[in-house]
Amino acid sequence: MSNAQLILIDKRNQPIKEYIVAVAASDGLDIKGMQVIASPAKGEKALISATLRIPPLEALNFDTRKIVDRMLEQFLVKDEVLSVTQLIERASDDDAVRQALTRSVRKLREKLTELVKEFTRSEVINLLNERRNDALFKLKETDQELKGKKVVCIDIEATDIATKDSADIIQVSLCDLDGNKIYDQLINPGYDIPENDKHNITTEMVAEAPFLAHAWDDIHRHLSEADVVLAYSTESDFAYLEKSASKKMLTFELDYNDWLDVAVLTKDLVGALRWQSEKMYWFYKTPKLTDAYEKVLGKPFPGDAHDALADAQATAELFRALLEKGRKSQVSLKTKPAKKESISNNPFAQAFAAAKRRK
């Protein structure tokens with residue numbers, strides 16, 4: 001009879017436990033220093049060792065049992081992911097050893113359950129849940145506010161990032177909330193387009209395209225006629241238009257208050273929680289459009305992520321999915337019941353009541 005067993009080795013040395021919880025809650029985590037080894041007997045060399053992988057806690061509703069089940073299905077051996085059954089098979093060809101390792105799975109499960117409870121009982125989980133509930137309520141409100149309004153979704157490709165004064169627009173695309181194309185135009189910046197990993201637009205592609213000044217009236221009209229303009233990171237798209245209008249002395253009468261940022265709504269609902277160690281506060285990391293789309297809709301990002309029309313249509317589809325989540329949610333504003341206070345002429349009673357109110 002073999003004495004082989006699966007053993008959990010914990011060599012963690014992490015100074016900020018809550019940060020680790022936040023990472024695991026949002027994205028999952030391969031924990032350095034934590035390994036599961038298949039040991040043939042006490043003191044003998046391990047048959048195989050695997051890194052422990054914590055799955056995204058939030059995706060499993062912080063359910064300890066579901067999380068442990070997932071962990072037992074995804075041990076990391078070098079670059080390969082193995083289930084506990086595959087791990088045991090890989091550890092030895094000896095049936096007696098395999099049977100002994102299989103018997104030890106129950107004890108390993110107990111150890112993993114204890115570990116997972118460190119995460120699922122953390123105060124960070126409450127922060128996440130509160131933020132997500134607030135986001136759902138905001139989406140429910142937004143859904144009501146948009147009824148009967150004309151919504152246009154925009155995406156812009158440019159020669160550089162929006163903060164650079166030298167950045168010029170090279171594509172503007174607009175679609176409605178259903179993803180139907182309203183406007184899609186390449187723009188000639190008047191010079192050779194520098195190589196850029198942010199888009200796939202070349203100088204040859206825009207050779208016959210109009211200059212921005214010639215396309216501006218159509219772009220400005222479509223945006224002006226919209227009740228709400230959607231974008232994924234509105235600051236960038238608005239800045240491209242505002243700076244371009246200023247540089248080229250074009251009419252600019254767009255109101256940023258009419259713009260709605262899908263990135264902010266997405267960040268609140270599915271953004272990763274992180275700890276800013278220098279400034280000592282929690283913040284939510286905004287996911288890229290492609291990541292947000294795949295996380296919310298549960299399917300691959302469609303089309304070319306560097307094409308303005310594809311991005312605008314994906315943003316519109318993502319926004320519809322967010323609104324649907326808001327509609328289906330059961331969240332509602334919690335109002336505190338008004339306190340009924342009896343009036344008293346007793347000065348001691350009045351002082352006591354005033355002290356309670358100050359608390």
# chains A, B, ... in the order shown; residues from 1 in each chain; ligands from 1
>>> residues_around(residues="region 311-321 of chain A", least_positions_apart="6", cutoff="10 Å", atoms="only C-alpha atoms", output="ChimeraX atom specification")
/A:139,143,151-157,172-181,230-232,261-263,265-266,289-290,292-297,301-305,327
>>> residues_around(residues="Glu114 (chain A)", least_positions_apart="5", cutoff="12 Å", atoms="only C-alpha atoms", output="PDB file with N, CA and C atoms, in the first residue's frame")
ATOM      1  N   LEU A   8      -0.534  20.446  -0.040  1.00  0.00           N
ATOM      2  CA  LEU A   8      -0.567  21.869  -0.358  1.00  0.00           C
ATOM      3  C   LEU A   8       0.591  22.560   0.361  1.00  0.00           C
ATOM      4  N   THR A  64     -17.745  29.365  -2.421  1.00  0.00           N
ATOM      5  CA  THR A  64     -16.521  28.644  -2.067  1.00  0.00           C
ATOM      6  C   THR A  64     -16.441  27.279  -2.731  1.00  0.00           C
ATOM      7  N   ARG A  65     -17.541  26.546  -2.729  1.00  0.00           N
ATOM      8  CA  ARG A  65     -17.510  25.197  -3.307  1.00  0.00           C
ATOM      9  C   ARG A  65     -17.228  25.244  -4.811  1.00  0.00           C
ATOM     10  N   ILE A  67     -15.685  27.557  -6.422  1.00  0.00           N
ATOM     11  CA  ILE A  67     -14.309  28.014  -6.630  1.00  0.00           C
ATOM     12  C   ILE A  67     -13.327  26.861  -6.443  1.00  0.00           C
ATOM     13  N   VAL A  68     -13.515  26.080  -5.382  1.00  0.00           N
ATOM     14  CA  VAL A  68     -12.633  24.936  -5.128  1.00  0.00           C
ATOM     15  C   VAL A  68     -12.755  23.908  -6.249  1.00  0.00           C
ATOM     16  N   LYS A 107      -8.725  15.393   1.364  1.00  0.00           N
ATOM     17  CA  LYS A 107      -8.001  16.232   2.310  1.00  0.00           C
ATOM     18  C   LYS A 107      -7.497  17.509   1.640  1.00  0.00           C
ATOM     19  N   LEU A 108      -7.060  17.378   0.369  1.00  0.00           N
ATOM     20  CA  LEU A 108      -6.619  18.552  -0.380  1.00  0.00           C
ATOM     21  C   LEU A 108      -7.778  19.530  -0.565  1.00  0.00           C
ATOM     22  N   ARG A 109      -8.949  18.990  -0.864  1.00  0.00           N
ATOM     23  CA  ARG A 109     -10.130  19.830  -1.016  1.00  0.00           C
ATOM     24  C   ARG A 109     -10.396  20.631   0.261  1.00  0.00           C
ATOM     25  N   PHE A 119     -10.333  34.476   0.949  1.00  0.00           N
ATOM     26  CA  PHE A 119     -10.713  35.396  -0.114  1.00  0.00           C
ATOM     27  C   PHE A 119     -12.191  35.770  -0.022  1.00  0.00           C
ATOM     28  N   THR A 120     -13.049  34.777   0.098  1.00  0.00           N
ATOM     29  CA  THR A 120     -14.488  35.036   0.023  1.00  0.00           C
ATOM     30  C   THR A 120     -15.038  35.721   1.268  1.00  0.00           C
ATOM     31  N   ARG A 121     -14.276  35.719   2.362  1.00  0.00           N
ATOM     32  CA  ARG A 121     -14.718  36.413   3.578  1.00  0.00           C
ATOM     33  C   ARG A 121     -14.074  37.784   3.733  1.00  0.00           C
TER      34      ARG A 121
END
>>> select_by_dssp(residues="region 96-175 of chain A", states="alpha helix (DSSP H)", output="JSON, numbers by chain")
{"A": [96, 97, 98, 99, 100, 101, 102, 103, 105, 106, 107, 108, 109, 110, 111, 112, 113, 114, 115, 116, 117, 118, 119, 120, 123, 124, 125, 126, 127, 128, 129, 130, 131, 132, 133, 134, 135, 136, 137, 138, 139, 140, 141, 142, 143, 144, 145]}
>>> closest_residue(among="A:Ile88, A:Ala135, A:Asp227, A:Ala46", to="Arg103 (chain A)", atoms="only C-alpha atoms")
A:Ile88
>>> atom_distance(atom1="CA of Leu101 (chain A)", atom2="CA of Gln86 (chain A)")
11.5 Å
>>> closest_atom_pairs(of="region 8-43 of chain A", to="region 272-275 of chain A", cutoff="8 Å", atoms="only C-alpha atoms", output="tab-separated table")
residue	atom	partner	partner_atom	distance
A:Tyr19	CA	A:Trp275	CA	5.8
A:Ala22	CA	A:Leu273	CA	5.5
A:Val23	CA	A:Leu273	CA	6.8
A:Ser26	CA	A:Ala272	CA	4.9
A:Asp27	CA	A:Ala272	CA	7.0
>>> atom_distance(atom1="CA of Thr51 (chain A)", atom2="CA of Ile37 (chain A)")
8.9 Å
>>> select_by_dssp(residues="region 88-285 of chain A", states="strand (DSSP E)", output="number ranges by chain")
A: 151-158, 169-176, 181-186, 228-231, 259-261, 272-276, 281-285
>>> closest_residue(among="A:Ile219, A:Met71, A:Leu29, A:Ile7", to="Leu250 (chain A)", atoms="only C-alpha atoms")
A:Ile219
>>> atom_distance(atom1="CA of Asn200 (chain A)", atom2="CA of Asp184 (chain A)")
15.3 Å
